[in-house]
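Here's run.pdb, which has PDB, C-alpha atoms and all ligand atoms:
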```
ATOM      1  CA  MET A   5     170.491  51.525 115.685
ATOM      2  CA  TYR A   6     167.442  49.295 115.946
ATOM      3  CA  GLU A   7     164.562  49.759 113.528
ATOM      4  CA  THR A   8     161.963  52.240 114.734
ATOM      5  CA  THR A   9     158.921  54.065 113.342
ATOM      6  CA  TYR A  10     159.069  57.855 113.140
ATOM      7  CA  LEU A  11     155.862  59.834 113.737
ATOM      8  CA  ARG A  12     155.690  63.640 113.533
ATOM      9  CA  ALA A  13     153.123  65.185 115.858
ATOM     10  CA  HIS A  14     151.554  68.549 115.015
ATOM     11  CA  THR A  15     149.459  68.786 118.184
ATOM     12  CA  LEU A  16     149.940  67.786 121.807
ATOM     13  CA  ASP A  17     146.838  65.586 121.546
ATOM     14  CA  ASP A  18     148.374  63.637 118.632
ATOM     15  CA  ALA A  19     151.591  63.072 120.571
ATOM     16  CA  LEU A  20     149.769  61.953 123.715
ATOM     17  CA  ALA A  21     147.485  59.611 121.746
ATOM     18  CA  TRP A  22     150.475  57.968 120.028
ATOM     19  CA  LEU A  23     152.296  57.604 123.342
ATOM     20  CA  ARG A  24     149.201  55.906 124.820
ATOM     21  CA  GLU A  25     148.774  53.687 121.756
ATOM     22  CA  HIS A  26     152.423  52.549 121.545
ATOM     23  CA  GLU A  27     153.719  51.483 124.938
ATOM     24  CA  ASP A  28     157.381  51.492 123.845
ATOM     25  CA  ALA A  29     157.272  54.849 122.075
ATOM     26  CA  ARG A  30     159.590  57.717 123.146
ATOM     27  CA  PRO A  31     159.110  61.455 122.641
ATOM     28  CA  LEU A  32     161.808  63.189 120.592
ATOM     29  CA  SER A  33     162.731  66.873 120.991
ATOM     30  CA  GLY A  34     166.214  68.068 119.988
ATOM     31  CA  GLY A  35     167.503  64.488 119.824
ATOM     32  CA  MET A  36     170.853  65.541 121.295
ATOM     33  CA  THR A  37     170.652  62.807 123.938
ATOM     34  CA  LEU A  38     168.091  60.411 122.516
ATOM     35  CA  ILE A  39     169.629  59.938 119.049
ATOM     36  CA  PRO A  40     173.152  59.042 120.331
ATOM     37  CA  THR A  41     171.468  56.646 122.788
ATOM     38  CA  LEU A  42     169.682  54.954 119.886
ATOM     39  CA  LYS A  43     172.844  54.868 117.779
ATOM     40  CA  GLN A  44     174.645  53.091 120.607
ATOM     41  CA  ARG A  45     171.740  50.602 120.843
ATOM     42  CA  LEU A  46     171.118  51.571 124.468
ATOM     43  CA  ALA A  47     167.415  52.019 123.733
ATOM     44  CA  ALA A  48     165.044  50.419 121.256
ATOM     45  CA  PRO A  49     161.783  52.413 121.156
ATOM     46  CA  SER A  50     159.136  51.010 118.830
ATOM     47  CA  HIS A  51     158.194  54.577 117.777
ATOM     48  CA  LEU A  52     159.798  58.020 117.950
ATOM     49  CA  ILE A  53     157.192  60.727 118.453
ATOM     50  CA  ASP A  54     158.707  63.964 117.121
ATOM     51  CA  LEU A  55     157.377  66.886 119.194
ATOM     52  CA  THR A  56     159.219  69.688 117.396
ATOM     53  CA  ARG A  57     156.230  70.881 115.284
ATOM     54  CA  ILE A  58     153.908  71.357 118.265
ATOM     55  CA  GLU A  59     153.338  75.122 118.430
ATOM     56  CA  ALA A  60     151.746  74.958 121.902
ATOM     57  CA  MET A  61     155.098  73.880 123.358
ATOM     58  CA  ARG A  62     156.968  76.973 122.114
ATOM     59  CA  GLY A  63     157.360  80.557 123.206
ATOM     60  CA  ILE A  64     158.974  82.812 125.776
ATOM     61  CA  ALA A  65     156.898  85.397 127.673
ATOM     62  CA  VAL A  66     156.636  87.240 130.968
ATOM     63  CA  ASP A  67     153.270  87.029 132.662
ATOM     64  CA  GLY A  68     152.573  88.451 136.136
ATOM     65  CA  GLY A  69     156.037  88.102 137.691
ATOM     66  CA  VAL A  70     156.662  84.752 136.030
ATOM     67  CA  LEU A  71     158.873  83.919 133.044
ATOM     68  CA  ARG A  72     157.201  81.248 130.901
ATOM     69  CA  VAL A  73     159.341  79.165 128.542
ATOM     70  CA  GLY A  74     157.926  76.492 126.220
ATOM     71  CA  ALA A  75     159.510  73.050 126.470
ATOM     72  CA  LEU A  76     160.655  73.117 122.837
ATOM     73  CA  THR A  77     162.661  76.299 123.297
ATOM     74  CA  LYS A  78     166.222  75.651 122.188
ATOM     75  CA  HIS A  79     169.176  76.606 124.354
ATOM     76  CA  ALA A  80     170.332  79.125 121.710
ATOM     77  CA  GLU A  81     166.892  80.787 121.771
ATOM     78  CA  VAL A  82     167.037  81.145 125.569
ATOM     79  CA  ALA A  83     170.574  82.539 125.328
ATOM     80  CA  ALA A  84     169.557  85.132 122.705
ATOM     81  CA  SER A  85     166.136  86.096 124.077
ATOM     82  CA  PRO A  86     165.801  89.754 125.172
ATOM     83  CA  VAL A  87     162.795  88.674 127.292
ATOM     84  CA  VAL A  88     164.903  86.148 129.228
ATOM     85  CA  ALA A  89     167.828  88.603 129.447
ATOM     86  CA  SER A  90     165.552  91.209 130.979
ATOM     87  CA  ALA A  91     163.649  88.892 133.370
ATOM     88  CA  ILE A  92     166.339  86.414 134.483
ATOM     89  CA  PRO A  93     169.694  87.271 132.866
ATOM     90  CA  ALA A  94     171.383  84.377 134.704
ATOM     91  CA  LEU A  95     169.148  81.917 132.820
ATOM     92  CA  ALA A  96     170.242  83.338 129.453
ATOM     93  CA  GLN A  97     173.877  83.194 130.589
ATOM     94  CA  LEU A  98     173.452  79.577 131.692
ATOM     95  CA  ALA A  99     171.961  78.607 128.308
ATOM     96  CA  ASN A 100     174.911  80.222 126.565
ATOM     97  CA  VAL A 101     177.441  77.974 128.337
ATOM     98  CA  ILE A 102     175.691  74.681 127.540
ATOM     99  CA  ALA A 103     177.786  72.474 125.231
ATOM    100  CA  ASP A 104     178.643  74.076 121.869
ATOM    101  CA  PRO A 105     176.719  76.067 119.207
ATOM    102  CA  GLN A 106     175.591  72.901 117.394
ATOM    103  CA  VAL A 107     174.037  71.377 120.532
ATOM    104  CA  ARG A 108     172.587  74.730 121.614
ATOM    105  CA  ASN A 109     170.811  75.029 118.273
ATOM    106  CA  ARG A 110     169.142  71.597 118.585
ATOM    107  CA  GLY A 111     168.806  70.803 122.310
ATOM    108  CA  THR A 112     165.679  71.995 124.121
ATOM    109  CA  MET A 113     164.904  73.017 127.688
ATOM    110  CA  GLY A 114     162.133  70.398 127.865
ATOM    111  CA  GLY A 115     164.376  67.592 126.615
ATOM    112  CA  SER A 116     167.130  68.524 129.016
ATOM    113  CA  VAL A 117     164.907  68.726 132.101
ATOM    114  CA  ALA A 118     162.968  65.582 131.128
ATOM    115  CA  ASN A 119     166.265  63.740 130.758
ATOM    116  CA  ASN A 120     167.661  65.014 134.108
ATOM    117  CA  ASP A 121     171.307  64.232 133.428
ATOM    118  CA  PRO A 122     173.092  64.730 136.779
ATOM    119  CA  ALA A 123     175.582  67.110 135.101
ATOM    120  CA  ALA A 124     173.075  69.118 133.041
ATOM    121  CA  ASP A 125     172.855  72.871 133.577
ATOM    122  CA  TYR A 126     169.127  73.715 133.418
ATOM    123  CA  PRO A 127     168.085  71.578 136.415
ATOM    124  CA  SER A 128     170.084  73.910 138.684
ATOM    125  CA  ALA A 129     168.139  76.936 137.409
ATOM    126  CA  VAL A 130     164.782  75.149 137.657
ATOM    127  CA  LEU A 131     165.506  74.123 141.254
ATOM    128  CA  ALA A 132     167.155  77.333 142.502
ATOM    129  CA  LEU A 133     164.440  79.500 140.970
ATOM    130  CA  GLY A 134     161.701  77.296 142.456
ATOM    131  CA  ALA A 135     160.147  76.930 139.006
ATOM    132  CA  HIS A 136     157.149  74.802 138.118
ATOM    133  CA  VAL A 137     157.535  72.153 135.433
ATOM    134  CA  GLU A 138     154.320  72.227 133.389
ATOM    135  CA  THR A 139     153.307  68.920 131.869
ATOM    136  CA  SER A 140     150.540  67.500 129.728
ATOM    137  CA  GLN A 141     148.661  66.674 132.935
ATOM    138  CA  ARG A 142     149.817  68.916 135.837
ATOM    139  CA  ARG A 143     152.247  71.459 137.292
ATOM    140  CA  ILE A 144     155.112  69.979 139.290
ATOM    141  CA  ALA A 145     157.063  72.101 141.786
ATOM    142  CA  ALA A 146     160.813  71.872 141.189
ATOM    143  CA  ASP A 147     161.323  70.565 144.738
ATOM    144  CA  ASP A 148     159.156  67.537 143.842
ATOM    145  CA  TYR A 149     160.364  67.021 140.286
ATOM    146  CA  PHE A 150     164.013  65.846 140.394
ATOM    147  CA  ILE A 151     164.188  62.345 141.876
ATOM    148  CA  ASP A 152     167.469  60.632 140.972
ATOM    149  CA  THR A 153     169.926  60.086 138.105
ATOM    150  CA  PHE A 154     167.902  60.351 134.866
ATOM    151  CA  GLU A 155     164.772  60.005 137.013
ATOM    152  CA  THR A 156     162.034  62.608 137.494
ATOM    153  CA  ALA A 157     158.457  62.765 138.751
ATOM    154  CA  LEU A 158     157.206  62.361 135.150
ATOM    155  CA  GLU A 159     154.884  59.395 134.609
ATOM    156  CA  PRO A 160     155.123  57.249 131.450
ATOM    157  CA  GLY A 161     153.468  59.085 128.572
ATOM    158  CA  GLU A 162     153.573  62.451 130.405
ATOM    159  CA  LEU A 163     155.164  65.285 128.434
ATOM    160  CA  VAL A 164     156.907  68.403 129.693
ATOM    161  CA  THR A 165     155.134  71.288 127.949
ATOM    162  CA  GLY A 166     156.814  74.290 129.569
ATOM    163  CA  PHE A 167     158.316  76.018 132.571
ATOM    164  CA  ALA A 168     157.130  78.806 134.874
ATOM    165  CA  TYR A 169     160.052  80.601 136.548
ATOM    166  CA  PRO A 170     159.285  83.105 139.324
ATOM    167  CA  ILE A 171     161.354  86.209 138.539
ATOM    168  CA  PRO A 172     163.954  86.702 141.310
ATOM    169  CA  LEU A 173     165.432  89.937 142.646
ATOM    170  CA  ARG A 174     168.704  88.715 141.191
ATOM    171  CA  ALA A 175     170.379  85.417 140.309
ATOM    172  CA  ALA A 176     173.680  84.039 139.082
ATOM    173  CA  TYR A 177     175.194  80.817 137.731
ATOM    174  CA  ALA A 178     178.813  79.648 137.853
ATOM    175  CA  LYS A 179     180.154  76.348 136.561
ATOM    176  CA  LEU A 180     183.309  74.453 135.818
ATOM    177  CA  ARG A 181     182.821  72.965 132.338
ATOM    178  CA  GLN A 182     183.954  69.478 131.496
ATOM    179  CA  PRO A 183     186.423  70.491 128.759
ATOM    180  CA  ALA A 184     185.220  68.024 126.115
ATOM    181  CA  SER A 185     181.420  68.068 126.514
ATOM    182  CA  GLY A 186     180.738  71.289 128.368
ATOM    183  CA  TYR A 187     178.622  69.476 130.980
ATOM    184  CA  ALA A 188     179.058  70.786 134.529
ATOM    185  CA  VAL A 189     181.764  69.145 136.622
ATOM    186  CA  VAL A 190     180.118  71.389 139.205
ATOM    187  CA  GLY A 191     177.588  74.156 138.560
ATOM    188  CA  VAL A 192     175.954  76.389 141.186
ATOM    189  CA  PHE A 193     172.862  78.545 140.623
ATOM    190  CA  ILE A 194     171.859  81.076 143.298
ATOM    191  CA  ALA A 195     168.548  82.934 143.233
ATOM    192  CA  GLN A 196     167.556  85.694 145.634
ATOM    193  CA  PHE A 197     163.875  86.464 146.223
ATOM    194  CA  ALA A 198     162.304  88.994 148.605
ATOM    195  CA  ASP A 199     161.691  86.240 151.168
ATOM    196  CA  ALA A 200     164.248  83.516 150.338
ATOM    197  CA  ILE A 201     167.603  82.647 148.863
ATOM    198  CA  ARG A 202     167.984  79.312 147.099
ATOM    199  CA  VAL A 203     171.206  77.552 146.090
ATOM    200  CA  ALA A 204     171.146  74.562 143.697
ATOM    201  CA  VAL A 205     174.143  72.442 142.758
ATOM    202  CA  THR A 206     174.461  70.327 139.613
ATOM    203  CA  GLY A 207     177.210  67.918 138.515
ATOM    204  CA  ALA A 208     177.973  66.810 142.060
ATOM    205  CA  GLY A 209     175.351  64.248 142.944
ATOM    206  CA  ALA A 210     172.989  61.612 141.653
ATOM    207  CA  SER A 211     170.769  64.521 140.662
ATOM    208  CA  VAL A 212     170.702  68.275 141.166
ATOM    209  CA  PHE A 213     170.269  69.240 144.849
ATOM    210  CA  ARG A 214     169.770  72.283 147.056
ATOM    211  CA  TRP A 215     172.643  73.200 149.368
ATOM    212  CA  LEU A 216     170.490  73.981 152.379
ATOM    213  CA  ASP A 217     173.376  74.937 154.709
ATOM    214  CA  ALA A 218     174.438  77.624 152.244
ATOM    215  CA  GLU A 219     170.839  78.846 151.907
ATOM    216  CA  ARG A 220     170.531  79.202 155.699
ATOM    217  CA  ALA A 221     173.901  80.962 156.000
ATOM    218  CA  LEU A 222     173.122  83.387 153.173
ATOM    219  CA  ALA A 223     169.619  84.085 154.520
ATOM    220  CA  ALA A 224     171.251  85.149 157.815
ATOM    221  CA  GLU A 225     173.945  87.246 156.121
ATOM    222  CA  LEU A 226     174.162  87.775 152.372
ATOM    223  CA  SER A 227     177.938  87.910 152.031
ATOM    224  CA  GLU A 228     180.859  85.700 151.063
ATOM    225  CA  ALA A 229     181.936  85.640 154.704
ATOM    226  CA  ALA A 230     178.727  83.754 155.516
ATOM    227  CA  LEU A 231     180.098  80.798 153.516
ATOM    228  CA  ASP A 232     183.427  80.674 155.394
ATOM    229  CA  SER A 233     182.369  78.216 158.072
ATOM    230  CA  LEU A 234     180.503  75.842 155.717
ATOM    231  CA  THR A 235     181.900  72.508 154.650
ATOM    232  CA  MET A 236     180.561  69.976 152.190
ATOM    233  CA  ASP A 237     180.995  66.325 153.155
ATOM    234  CA  PRO A 238     183.000  64.678 150.300
ATOM    235  CA  GLY A 239     181.554  61.325 151.385
ATOM    236  CA  VAL A 240     178.233  62.173 149.729
ATOM    237  CA  LEU A 241     179.769  63.385 146.446
ATOM    238  CA  PRO A 242     180.681  61.363 143.332
ATOM    239  CA  ASP A 243     184.244  60.224 142.730
ATOM    240  CA  ASP A 244     184.825  59.702 138.990
ATOM    241  CA  ASP A 245     187.044  60.527 136.001
ATOM    242  CA  ASN A 246     185.915  64.162 136.090
ATOM    243  CA  GLY A 247     187.001  64.714 139.676
ATOM    244  CA  SER A 248     187.437  63.129 143.086
ATOM    245  CA  SER A 249     184.820  63.742 145.753
ATOM    246  CA  ALA A 250     187.259  65.920 147.726
ATOM    247  CA  TYR A 251     187.879  68.034 144.599
ATOM    248  CA  ARG A 252     184.141  68.348 144.012
ATOM    249  CA  ALA A 253     183.582  69.445 147.628
ATOM    250  CA  HIS A 254     186.168  72.165 147.029
ATOM    251  CA  LEU A 255     184.558  73.119 143.699
ATOM    252  CA  ILE A 256     181.129  73.509 145.289
ATOM    253  CA  GLN A 257     182.598  76.000 147.773
ATOM    254  CA  THR A 258     184.515  77.835 145.068
ATOM    255  CA  TYR A 259     181.682  78.030 142.523
ATOM    256  CA  THR A 260     179.128  79.028 145.171
ATOM    257  CA  ARG A 261     181.412  81.952 146.006
ATOM    258  CA  ARG A 262     181.780  82.833 142.324
ATOM    259  CA  ALA A 263     178.034  82.754 141.742
ATOM    260  CA  LEU A 264     177.452  84.820 144.888
ATOM    261  CA  ARG A 265     179.998  87.422 143.808
ATOM    262  CA  THR A 266     178.238  87.769 140.438
ATOM    263  CA  LEU A 267     174.862  87.999 142.184
ATOM    264  CA  LEU A 268     176.052  90.667 144.627
ATOM    265  CA  ALA A 269     177.509  92.750 141.783
ATOM    266  CA  GLN A 270     173.998  93.205 140.329
ATOM    267  CA  PRO A 271     171.506  95.766 141.622
ATOM    268  CA  PRO A 272     168.436  93.924 142.963
ATOM    269  CA  ARG A 273     165.399  94.157 140.680
ATOM    270  CA  ASP A 274     162.916  96.803 141.759
ATOM    271  CA  LEU A 275     159.635  94.927 142.158
ATOM    272  CA  ALA A 276     157.637  98.047 143.095
TER     273      ALA A 276
HETATM  274  C1  LIG B 301     178.121  66.774 122.817
HETATM  275  C2  LIG B 301     177.058  67.185 123.792
HETATM  276  C3  LIG B 301     177.378  68.066 124.809
HETATM  277  C4  LIG B 301     176.413  68.449 125.726
HETATM  278  N1  LIG B 301     176.762  69.327 126.709
HETATM  279  C5  LIG B 301     175.823  69.742 127.599
HETATM  280  C6  LIG B 301     176.131  70.707 128.598
HETATM  281  O1  LIG B 301     177.207  71.280 128.660
HETATM  282  N2  LIG B 301     175.161  71.033 129.482
HETATM  283  C7  LIG B 301     173.893  70.499 129.406
HETATM  284  O2  LIG B 301     173.044  70.837 130.242
HETATM  285  N3  LIG B 301     173.567  69.622 128.455
HETATM  286  C8  LIG B 301     174.495  69.239 127.546
HETATM  287  N4  LIG B 301     174.139  68.354 126.552
HETATM  288  C9  LIG B 301     172.727  67.889 126.482
HETATM  289  C10 LIG B 301     171.890  68.814 125.557
HETATM  290  O3  LIG B 301     171.961  70.082 126.082
HETATM  291  C11 LIG B 301     170.358  68.505 125.457
HETATM  292  O4  LIG B 301     169.658  69.391 126.225
HETATM  293  C12 LIG B 301     169.913  67.253 125.970
HETATM  294  O5  LIG B 301     170.569  66.317 125.151
HETATM  295  C13 LIG B 301     168.400  66.957 125.881
HETATM  296  O6  LIG B 301     167.654  67.821 125.085
HETATM  297  P1  LIG B 301     167.023  67.384 123.690
HETATM  298  O7  LIG B 301     166.031  68.445 123.354
HETATM  299  O8  LIG B 301     168.079  67.102 122.712
HETATM  300  O9  LIG B 301     166.206  66.060 124.099
HETATM  301  P2  LIG B 301     166.109  64.629 123.381
HETATM  302  O10 LIG B 301     167.444  64.060 123.137
HETATM  303  O11 LIG B 301     165.180  64.727 122.223
HETATM  304  O12 LIG B 301     165.363  63.839 124.550
HETATM  305  C14 LIG B 301     166.028  63.543 125.770
HETATM  306  C15 LIG B 301     165.109  62.655 126.633
HETATM  307  O13 LIG B 301     163.971  63.383 127.087
HETATM  308  C16 LIG B 301     162.762  62.826 126.532
HETATM  309  N5  LIG B 301     161.977  64.004 126.136
HETATM  310  C17 LIG B 301     162.313  64.922 125.185
HETATM  311  N6  LIG B 301     161.422  65.916 125.201
HETATM  312  C18 LIG B 301     160.507  65.633 126.148
HETATM  313  C19 LIG B 301     159.336  66.301 126.642
HETATM  314  N7  LIG B 301     158.947  67.496 126.168
HETATM  315  N8  LIG B 301     158.624  65.712 127.648
HETATM  316  C20 LIG B 301     159.009  64.517 128.173
HETATM  317  N9  LIG B 301     160.103  63.840 127.745
HETATM  318  C21 LIG B 301     160.847  64.401 126.743
HETATM  319  C22 LIG B 301     163.191  61.928 125.392
HETATM  320  O14 LIG B 301     162.291  60.861 125.169
HETATM  321  C23 LIG B 301     164.546  61.447 125.881
HETATM  322  O15 LIG B 301     164.363  60.408 126.821
HETATM  323  C24 LIG B 301     175.075  67.954 125.622
HETATM  324  C25 LIG B 301     174.754  67.059 124.585
HETATM  325  C26 LIG B 301     175.729  66.686 123.681
HETATM  326  C27 LIG B 301     175.353  65.750 122.562
END
```
Spell out the structure here as structure tokens.
Ligand SMILES: Cc1cc2nc3c(=O)[nH]c(=O)nc-3n(C[C@H](O)[C@H](O)[C@H](O)COP(=O)(O)OP(=O)(O)OC[C@H]3O[C@@H](n4cnc5c(N)ncnc54)[C@H](O)[C@@H]3O)c2cc1C
Amino acid sequence: MYETTYLRAHTLDDALAWLREHEDARPLSGGMTLIPTLKQRLAAPSHLIDLTRIEAMRGIAVDGGVLRVGALTKHAEVAASPVVASAIPALAQLANVIADPQVRNRGTMGGSVANNDPAADYPSAVLALGAHVETSQRRIAADDYFIDTFETALEPGELVTGFAYPIPLRAAYAKLRQPASGYAVVGVFIAQFADAIRVAVTGAGASVFRWLDAERALAAELSEAALDSLTMDPGVLPDDDNGSSAYRAHLIQTYTRRALRTLLAQPPRDLA
């Protein structure tokens, strides 16, 4: 690990000022990705700005049909939250299958979505639910946020402060875990709203993506049969140690069906 200076922020303003002042500084949340990166000497930030004491970046609440989650909320807190379980149970279930208890008790939603690992779980929920990523300077629609592998719409020095998830009628997540890490070999999140159905796939591309063909098919007929005629082109999918592109194409089909089955087994939320 290269030498670095550790600074603990107690307010968002402190963190933003330090990030402006030190060009090579990096924000630190749970450290579950950043610290191993530093240990392997893959990054050499001049300063680490610890965000974990910033109260304004915490909290889980429902407000006018929207579930709000602070960026510093740990995966274990999302998994155990009765507010999340009541508003979007699929989000709590997703959090509970991230990694292992140690990682879930350190890693944060903000750190995960800022990092945008192509096999991370939360990006599929953010995208399928059409959430807004709230930052220190703006609100970014999920459709505009995820750009490429480890790349997002965040500007240098911009911090994720929280998330606003529209509450769906019902939603479900299904994934095949990489057996060692828990990351998604393929994960599919489906969210049904009164006027739309959205399907997001993680683990099978440079970044999370919406499977638009499946969305169109399910909007026309919300049943497993609607997926029968769909195919996923393996040519656009990754081919790596975790699975060939043909295998991933098959997994996307299979895990979309599994997520849909779980979704259909739930009564739709009564929004009246
Ligand atoms: C062994 C292991 C297994 C894992 N398995 C899974 C898995 O199954 N599924 C999964 O989804 N994830 C998995 N992860 C990742 C983990 O869930 C963390 O969410 C992830 O590492 C990032 O969250 P963090 O809070 O630790 O962020 P950090 O490591 O602190 O930061 C990650 C990156 O985001 C930046 N950052 C942090 N917070 C903010 C912010 N608020 N605004 C802007 N930038 C910020 C940092 O500068 C850094 O570049 C695993 C990690 C490990 C170590």
Report as a PyMOL selection string which protein, DNA and RNA residues come within 7 Å of ligand LIG 301 (chain B), using only C-alpha atoms and all ligand atoms. chain A and resi 30-39+75-76+101-104+107-108+110-116+118-119+123-126+162-165+181+185-188
Would you write out, as CSV, a table of all residues in region 186-273 of chain A that have an atom no more than 12 Å from an atom of region 142-146 of chain A, listing for each the closest atom pair and the distance in Å to one decimal, considering only C-alpha atoms and ordering rows by chain and rising residue number?
```
residue,atom,partner,partner_atom,distance
A:Arg202,CA,A:Ala146,CA,11.9
A:Ala204,CA,A:Ala146,CA,11.0
A:Val212,CA,A:Ala146,CA,10.5
A:Phe213,CA,A:Ala146,CA,10.5
A:Arg214,CA,A:Ala146,CA,10.7
```
Within 6 Å of region 190-193 of chain A using only C-alpha atoms, minus same-chain residues under 3 positions, as a ChimeraX atom specification: /A:128-129,176-180,203-208,260
Now that the selection is made, can you save its residues with C-alpha atoms as a PDB file, in the coordinates of the input?
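The new file result-v5.pdb reads:
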```pdb
ATOM      1  CA  SER A 128     170.084  73.910 138.684  1.00  0.00           C
ATOM      2  CA  ALA A 129     168.139  76.936 137.409  1.00  0.00           C
ATOM      3  CA  ALA A 176     173.680  84.039 139.082  1.00  0.00           C
ATOM      4  CA  TYR A 177     175.194  80.817 137.731  1.00  0.00           C
ATOM      5  CA  ALA A 178     178.813  79.648 137.853  1.00  0.00           C
ATOM      6  CA  LYS A 179     180.154  76.348 136.561  1.00  0.00           C
ATOM      7  CA  LEU A 180     183.309  74.453 135.818  1.00  0.00           C
ATOM      8  CA  VAL A 203     171.206  77.552 146.090  1.00  0.00           C
ATOM      9  CA  ALA A 204     171.146  74.562 143.697  1.00  0.00           C
ATOM     10  CA  VAL A 205     174.143  72.442 142.758  1.00  0.00           C
ATOM     11  CA  THR A 206     174.461  70.327 139.613  1.00  0.00           C
ATOM     12  CA  GLY A 207     177.210  67.918 138.515  1.00  0.00           C
ATOM     13  CA  ALA A 208     177.973  66.810 142.060  1.00  0.00           C
ATOM     14  CA  THR A 260     179.128  79.028 145.171  1.00  0.00           C
TER      15      THR A 260
END
```
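For the set A:Ala198, A:Ala229, A:Ile151, A:Ala89, the residue with the smallest atom-to-atom gap to Asp274 (chain A) is A:Ala198, counting all atoms listed in the file.
Take CA of Ser227 (chain A) and CA of Pro172 (chain A): the distance between them is 17.7 Å.
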Evaluate the PyMOL selection byres (((chain A and resi 273) around 7) and not hetatm) on the structure here and hand back the selected residues as a PyMOL selection string. chain A and resi 173-174+271-272+274-275
In terms of all atoms listed in the file, the residue from A:Ala13, A:Ala195, A:Glu7, A:Asp152 at minimal distance from Ala47 (chain A) is A:Glu7
Once the PyMOL selection byres (((chain A and resi 210) around 6) and not hetatm) has been applied to the shown file, what residues remain in the selection, as a compact mmCIF listing (two decimals) with C-alpha atoms, in the frame of the given file?
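The result, written out as selection35.txt:
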```
# COMPACT_ATOMS: atom_id res chain seq x y z
CA PRO A 122 173.09 64.73 136.78
CA ASP A 152 167.47 60.63 140.97
CA THR A 153 169.93 60.09 138.10
CA GLY A 209 175.35 64.25 142.94
CA SER A 211 170.77 64.52 140.66
```
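Going from CA of Gly74 (chain A) to CA of Val137 (chain A) covers 10.2 Å.
Every residue that the PyMOL selection byres (((chain A and resi 245-250) around 10) and not hetatm) selects in this file is listed here: Gln182, Pro183, Ala188, Val189, Val190, Gly207, Ala208, Gly209, Met236, Asp237, Pro238, Gly239, Val240, Leu241, Pro242, Asp243, Asp244, Tyr251, Arg252, Ala253, His254 and Leu255 of chain A.
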